[in-house]
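Next comes coords-v8.txt, a file with compact mmCIF, C-alpha atoms and all ligand atoms.
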# COMPACT_ATOMS: atom_id res chain seq x y z
CA MET H 1126 96.09 157.67 -44.41
CA SER H 1127 94.02 160.03 -46.52
CA LYS H 1128 93.94 162.88 -49.02
CA GLU H 1129 96.12 164.95 -46.66
CA ASP H 1130 98.89 162.30 -46.77
CA ALA H 1131 98.77 162.22 -50.56
CA ILE H 1132 98.94 166.03 -50.77
CA LYS H 1133 101.97 166.03 -48.45
CA ILE H 1134 103.83 163.63 -50.76
CA ILE H 1135 102.85 165.67 -53.84
CA ASP H 1136 103.90 169.00 -52.28
CA LYS H 1137 107.30 167.62 -51.39
CA ILE H 1138 107.91 166.44 -54.98
CA LYS H 1139 106.65 169.75 -56.40
CA GLY H 1140 109.07 171.48 -54.02
CA ASP H 1141 111.90 169.56 -55.71
CA GLY H 1142 110.70 171.03 -59.02
CA ARG H 1143 109.61 167.62 -60.35
CA VAL H 1144 106.43 166.43 -62.08
CA THR H 1145 107.26 162.74 -62.65
CA LEU H 1146 106.96 160.44 -59.66
CA THR H 1147 108.85 157.20 -59.26
CA GLU H 1148 106.98 153.90 -58.91
CA TYR H 1149 107.69 154.02 -55.18
CA GLU H 1150 106.27 157.54 -54.76
CA SER H 1151 103.29 156.77 -57.00
CA LYS H 1152 102.41 153.74 -54.89
CA ASN H 1153 102.66 155.82 -51.71
CA ILE H 1154 99.93 158.05 -53.18
CA LEU H 1155 97.84 154.94 -53.93
CA ALA H 1156 98.44 153.56 -50.44
CA ALA H 1157 97.17 156.86 -48.97
CA TYR H 1158 93.81 155.84 -50.46
CA ASN H 1159 94.12 152.29 -49.11
CA PHE H 1160 94.65 151.04 -52.65
CA PRO H 1161 96.41 147.63 -52.34
CA VAL H 1162 100.06 147.83 -53.45
CA THR H 1163 102.94 145.34 -53.35
CA LYS H 1164 104.97 145.14 -50.15
CA GLU H 1165 108.19 146.99 -50.93
CA LYS H 1166 111.12 148.96 -49.54
CA LEU H 1167 113.63 151.32 -51.10
CA ALA H 1168 117.23 150.10 -50.67
CA ARG H 1169 120.16 152.49 -50.96
CA ASP H 1170 123.00 149.98 -50.68
CA GLU H 1171 123.65 146.27 -51.18
CA GLU H 1172 123.34 145.41 -47.49
CA GLU H 1173 119.94 147.12 -47.22
CA ALA H 1174 118.83 145.29 -50.36
CA VAL H 1175 119.59 141.91 -48.79
CA ASN H 1176 118.03 142.86 -45.44
CA PHE H 1177 114.81 144.04 -47.09
CA ALA H 1178 114.64 140.89 -49.25
CA GLU H 1179 114.88 138.74 -46.10
CA GLU H 1180 112.15 140.83 -44.46
CA ILE H 1181 109.80 140.59 -47.45
CA GLY H 1182 110.57 136.91 -48.12
CA TYR H 1183 111.91 135.21 -51.27
CA PRO H 1184 111.36 135.32 -54.16
CA VAL H 1185 111.50 139.10 -54.57
CA VAL H 1186 111.57 141.60 -57.43
CA LEU H 1187 114.25 144.29 -57.76
CA LYS H 1188 113.61 147.49 -59.72
CA ILE H 1189 115.55 150.62 -60.54
CA VAL H 1190 113.99 153.72 -58.93
CA SER H 1191 114.46 156.96 -60.88
CA PRO H 1192 112.05 159.71 -61.96
CA ASP H 1193 114.09 159.81 -65.18
CA ILE H 1194 113.32 156.16 -66.04
CA THR H 1195 109.58 155.69 -66.60
CA HIS H 1196 109.86 152.49 -68.68
CA LYS H 1197 112.08 150.38 -66.46
CA THR H 1198 112.00 147.22 -68.59
CA ASP H 1199 113.42 149.14 -71.60
CA VAL H 1200 116.69 149.72 -69.73
CA GLY H 1201 116.85 146.30 -68.01
CA GLY H 1202 115.55 147.89 -64.82
CA VAL H 1203 113.32 145.03 -63.58
CA LYS H 1204 114.59 141.71 -62.12
CA VAL H 1205 111.82 139.29 -61.21
CA ASN H 1206 111.97 136.02 -59.26
CA VAL H 1207 115.19 136.81 -57.37
CA LYS H 1208 115.61 133.90 -54.97
CA SER H 1209 118.62 134.26 -52.64
CA PRO H 1210 120.90 136.84 -50.96
CA GLU H 1211 123.55 136.15 -53.63
CA GLU H 1212 121.04 136.77 -56.41
CA VAL H 1213 119.90 139.97 -54.67
CA LYS H 1214 123.48 141.29 -54.58
CA THR H 1215 124.06 140.49 -58.26
CA ALA H 1216 120.74 142.02 -59.30
CA TYR H 1217 121.33 145.09 -57.12
CA ASN H 1218 124.71 145.78 -58.70
CA GLU H 1219 123.42 145.19 -62.23
CA LEU H 1220 120.63 147.69 -61.61
CA MET H 1221 122.96 150.29 -60.15
CA GLY H 1222 125.11 149.82 -63.28
CA ILE H 1223 122.31 151.51 -65.26
CA LYS H 1224 123.69 154.75 -63.80
CA ASP H 1225 126.70 154.48 -66.11
CA LYS H 1226 124.50 153.99 -69.17
CA ILE H 1227 122.07 156.83 -68.46
CA LYS H 1228 124.43 159.51 -67.27
CA ASP H 1229 122.02 162.21 -66.13
CA ALA H 1230 119.48 159.90 -64.46
CA ASP H 1231 118.77 160.76 -60.83
CA ILE H 1232 118.76 157.28 -59.21
CA HIS H 1233 116.94 157.08 -55.84
CA GLY H 1234 117.95 153.47 -55.20
CA VAL H 1235 116.59 149.99 -55.84
CA LEU H 1236 113.11 148.86 -54.90
CA ILE H 1237 112.89 145.47 -53.18
CA GLN H 1238 109.39 144.15 -53.78
CA GLU H 1239 107.30 141.07 -53.10
CA MET H 1240 106.43 138.87 -56.09
CA ALA H 1241 102.72 139.30 -56.74
CA PRO H 1242 100.64 136.10 -56.81
CA LYS H 1243 99.56 134.81 -60.24
CA GLY H 1244 96.72 136.77 -61.79
CA ASN H 1245 95.42 138.59 -64.83
CA GLU H 1246 97.33 141.78 -65.57
CA VAL H 1247 94.97 144.71 -65.98
CA ILE H 1248 95.53 148.43 -66.46
CA LEU H 1249 93.83 151.29 -64.69
CA GLY H 1250 94.47 154.82 -65.82
CA MET H 1251 93.46 158.41 -65.28
CA THR H 1252 93.89 161.26 -67.76
CA GLN H 1253 92.58 164.82 -67.87
CA ASP H 1254 90.16 165.81 -70.59
CA PRO H 1255 89.98 169.57 -71.28
CA GLN H 1256 86.18 169.34 -71.33
CA PHE H 1257 85.30 166.62 -68.82
CA GLY H 1258 88.18 166.79 -66.34
CA PRO H 1259 89.48 163.46 -65.00
CA VAL H 1260 88.61 160.36 -67.07
CA LEU H 1261 89.22 156.79 -65.88
CA MET H 1262 90.33 153.95 -68.14
CA PHE H 1263 90.24 150.18 -67.64
CA GLY H 1264 91.58 147.37 -69.79
CA LEU H 1265 93.47 144.09 -69.85
CA GLY H 1266 97.25 144.45 -70.01
CA GLY H 1267 99.58 143.76 -72.92
CA VAL H 1268 98.25 143.39 -76.46
CA PHE H 1269 94.65 143.98 -75.37
CA VAL H 1270 95.37 147.61 -74.56
CA GLU H 1271 98.34 148.30 -76.82
CA VAL H 1272 97.21 146.61 -80.04
CA LEU H 1273 93.48 145.98 -79.74
CA LYS H 1274 92.64 149.17 -77.79
CA ASP H 1275 90.10 147.08 -75.87
CA VAL H 1276 89.43 149.58 -73.08
CA SER H 1277 86.53 151.24 -71.29
CA PHE H 1278 86.25 154.83 -70.03
CA ARG H 1279 84.18 156.56 -67.34
CA ILE H 1280 84.06 159.99 -65.78
CA PRO H 1281 84.41 159.91 -61.97
CA PRO H 1282 82.92 159.88 -59.41
CA LEU H 1283 81.75 156.32 -60.09
CA THR H 1284 79.18 154.19 -58.33
CA ARG H 1285 79.79 150.48 -57.70
CA PHE H 1286 77.45 149.78 -60.59
CA ASP H 1287 79.49 152.03 -62.94
CA ALA H 1288 82.71 150.27 -61.96
CA GLU H 1289 81.18 146.81 -62.57
CA ASP H 1290 79.91 147.97 -65.94
CA MET H 1291 83.31 149.34 -66.84
CA ILE H 1292 84.87 145.91 -66.22
CA LYS H 1293 82.19 143.92 -68.05
CA GLU H 1294 82.19 146.22 -71.06
CA ILE H 1295 85.61 145.22 -72.46
CA LYS H 1296 85.67 142.46 -75.09
CA ALA H 1297 88.30 140.52 -73.17
CA TYR H 1298 86.03 140.28 -70.10
CA PRO H 1299 85.68 136.44 -70.35
CA ILE H 1300 89.42 136.21 -69.67
CA LEU H 1301 88.78 137.74 -66.24
CA GLU H 1302 86.23 134.99 -65.62
CA GLY H 1303 89.01 132.48 -66.19
CA VAL H 1304 88.45 130.86 -69.60
CA ARG H 1305 90.56 127.85 -70.67
CA GLY H 1306 92.23 127.13 -67.40
CA GLY H 1307 93.26 130.73 -66.79
CA VAL H 1308 93.01 132.44 -63.41
CA SER H 1309 89.55 133.82 -62.60
CA SER H 1310 89.81 137.29 -61.13
CA ASP H 1311 88.22 138.61 -57.96
CA LEU H 1312 85.74 141.09 -59.47
CA ASP H 1313 84.78 142.66 -56.12
CA ALA H 1314 88.43 143.47 -55.49
CA LEU H 1315 88.71 145.01 -58.97
CA VAL H 1316 85.60 147.10 -58.38
CA ASP H 1317 87.06 148.30 -55.04
CA CYS H 1318 90.26 149.34 -56.82
CA ILE H 1319 88.36 151.28 -59.48
CA LEU H 1320 86.31 153.05 -56.79
CA LYS H 1321 89.48 153.99 -54.89
CA LEU H 1322 91.00 155.40 -58.08
CA SER H 1323 87.73 157.29 -58.63
CA ASP H 1324 88.00 158.91 -55.14
CA LEU H 1325 91.68 159.71 -55.68
CA SER H 1326 91.02 161.24 -59.12
CA VAL H 1327 88.27 163.50 -57.84
CA ASP H 1328 90.32 164.61 -54.79
CA LEU H 1329 93.62 165.16 -56.57
CA SER H 1330 92.35 166.34 -59.96
CA ASP H 1331 93.96 169.78 -59.43
CA CYS H 1332 97.46 168.28 -58.99
CA ILE H 1333 97.59 165.14 -61.16
CA LYS H 1334 97.90 165.41 -64.94
CA GLU H 1335 97.79 161.66 -65.56
CA MET H 1336 98.44 158.38 -63.84
CA ASP H 1337 98.35 154.68 -64.48
CA ILE H 1338 98.55 151.42 -62.62
CA ASN H 1339 100.18 149.11 -65.14
CA PRO H 1340 99.88 146.35 -64.27
CA LEU H 1341 97.36 145.75 -61.53
CA PHE H 1342 97.40 142.00 -60.82
CA ALA H 1343 93.81 140.79 -60.55
CA THR H 1344 94.21 137.53 -58.63
CA GLU H 1345 91.75 134.87 -57.51
CA LYS H 1346 91.39 136.58 -54.15
CA GLY H 1347 92.20 140.30 -54.22
CA ALA H 1348 94.15 142.63 -56.46
CA VAL H 1349 97.49 144.39 -56.12
CA ALA H 1350 99.18 147.30 -57.90
CA VAL H 1351 102.50 146.00 -59.22
CA ASP H 1352 103.60 149.20 -61.03
CA SER H 1353 102.32 152.76 -61.08
CA LEU H 1354 103.25 156.09 -62.65
CA VAL H 1355 101.90 159.48 -61.56
CA ILE H 1356 102.63 162.69 -63.51
CA LEU H 1357 101.79 166.00 -61.87
CA LYS H 1358 100.39 169.10 -63.57
P1 LIG H 1401 107.90 148.91 -66.44
O1 LIG H 1401 108.42 150.21 -65.87
O2 LIG H 1401 108.76 148.40 -67.53
O3 LIG H 1401 106.46 149.04 -66.83
P2 LIG H 1401 106.97 147.04 -64.34
O4 LIG H 1401 107.21 147.42 -62.94
O5 LIG H 1401 105.59 147.21 -64.86
O6 LIG H 1401 108.03 147.85 -65.25
O7 LIG H 1401 107.45 145.53 -64.55
C1 LIG H 1401 107.40 144.92 -65.83
C2 LIG H 1401 106.64 143.60 -65.75
O8 LIG H 1401 107.29 142.72 -64.84
C3 LIG H 1401 105.20 143.73 -65.22
O9 LIG H 1401 104.29 144.03 -66.25
C4 LIG H 1401 104.96 142.36 -64.62
O10 LIG H 1401 104.57 141.42 -65.62
C5 LIG H 1401 106.34 141.97 -64.09
N1 LIG H 1401 106.44 142.32 -62.66
C6 LIG H 1401 106.91 143.50 -62.17
N2 LIG H 1401 106.82 143.53 -60.83
C7 LIG H 1401 106.30 142.35 -60.43
C8 LIG H 1401 105.97 141.78 -59.17
N3 LIG H 1401 106.16 142.44 -58.02
N4 LIG H 1401 105.45 140.53 -59.15
C9 LIG H 1401 105.26 139.85 -60.30
N5 LIG H 1401 105.55 140.33 -61.53
C10 LIG H 1401 106.06 141.57 -61.61
MG MG H 1402 104.67 148.80 -65.84

Produce structure tokens that represent the structure in this file.
Ligand code: ADP
Ligand code: MG
Amino acid sequence: MSKEDAIKIIDKIKGDGRVTLTEYESKNILAAYNFPVTKEKLARDEEEAVNFAEEIGYPVVLKIVSPDITHKTDVGGVKVNVKSPEEVKTAYNELMGIKDKIKDADIHGVLIQEMAPKGNEVILGMTQDPQFGPVLMFGLGGVFVEVLKDVSFRIPPLTRFDAEDMIKEIKAYPILEGVRGGVSSDLDALVDCILKLSDLSVDLSDCIKEMDINPLFATEKGAVAVDSLVILK
């Protein structure tokens, strides 16, 4: 997988006259850069949903997949910790019921996804600055980004040293070291993720307007993108 694979995915979506990618499509772009993403499959009916859940292994997460729904939680579009075939069926049907509430939404199906191991939830983002071009952002998820605006920025391409600096610069950094019984995060894995996003941003700067990985679970050993959103130019 490489830049060419990512471009193929992007061209197909552009061909459909779309600029907003689903979580599933966004993670396919990430995976083209060997960025670690959750194991997941797109189910189009109840039977597929159950089969994929068995394949992935319980517990699983079910999510609505639609380019018209970018904040899935707001519409009840995320079901975590789903533990049995019966629960999968119920969750699947509840999610497909969103179709009735949001009439014009183009629903691609339901994503069946592995539950990510416990970790700190961080955010990685990329936006375009009219002067500097792509700019990368890093921060801790939730209130740290939304309320405290505790984030760091860098202009790619980044060196390993830049990426480390970017992580250590935020005020909430001690949390990643695992204060007060919290999970300590694998910093090398986080650095690798930032460097992969740096490569992707430089390569695809002409096509991508903005993207985020929110959250990226930074676990004790490794990191995994749990949600992602790519918006094309
Ligand atoms: P939204 O579109 O609302 O941002 P997300 O896919 O980010 O939806 O899911 C919302 C939250 O649910 C995440 O921030 C995370 O805390 C939790 N979550 C989602 N997917 C998983 C997963 N695969 N494993 C564990 N927790 C998850
Ligand atoms: Mg999210």

Given 9 Å and all atoms listed in the file, residues near ligand LIG 1401 (chain H) as a ChimeraX atom specification: /H:1148,1163-1165,1185-1189,1194-1206,1237-1243,1246,1266-1267,1338-1342,1350-1354

Check the smallest atom-to-atom distance from each of H:Pro1210, H:Lys1358, H:Asp1337, H:Glu1302 to ligand MG 1402 (chain H) using only C-alpha atoms and all ligand atoms, then report the winner. H:Asp1337

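With distances restricted to all atoms listed in the file, H:Val1247 is the closest residue to ligand MG 1402 (chain H) from H:Val1316, H:Val1247, H:Ala1348, H:Val1144.
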
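Checking H:Ala1216, H:Ile1134, H:Leu1249, H:Tyr1183 one by one against ligand MG 1402 (chain H), counting all atoms listed in the file, you find the shortest gap at H:Leu1249.
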
Nearest to Glu1335 of chain H among H:Val1268, H:Ala1314, H:Leu1283, H:Met1251, with distances taken over only C-alpha atoms: which residue is it? H:Met1251
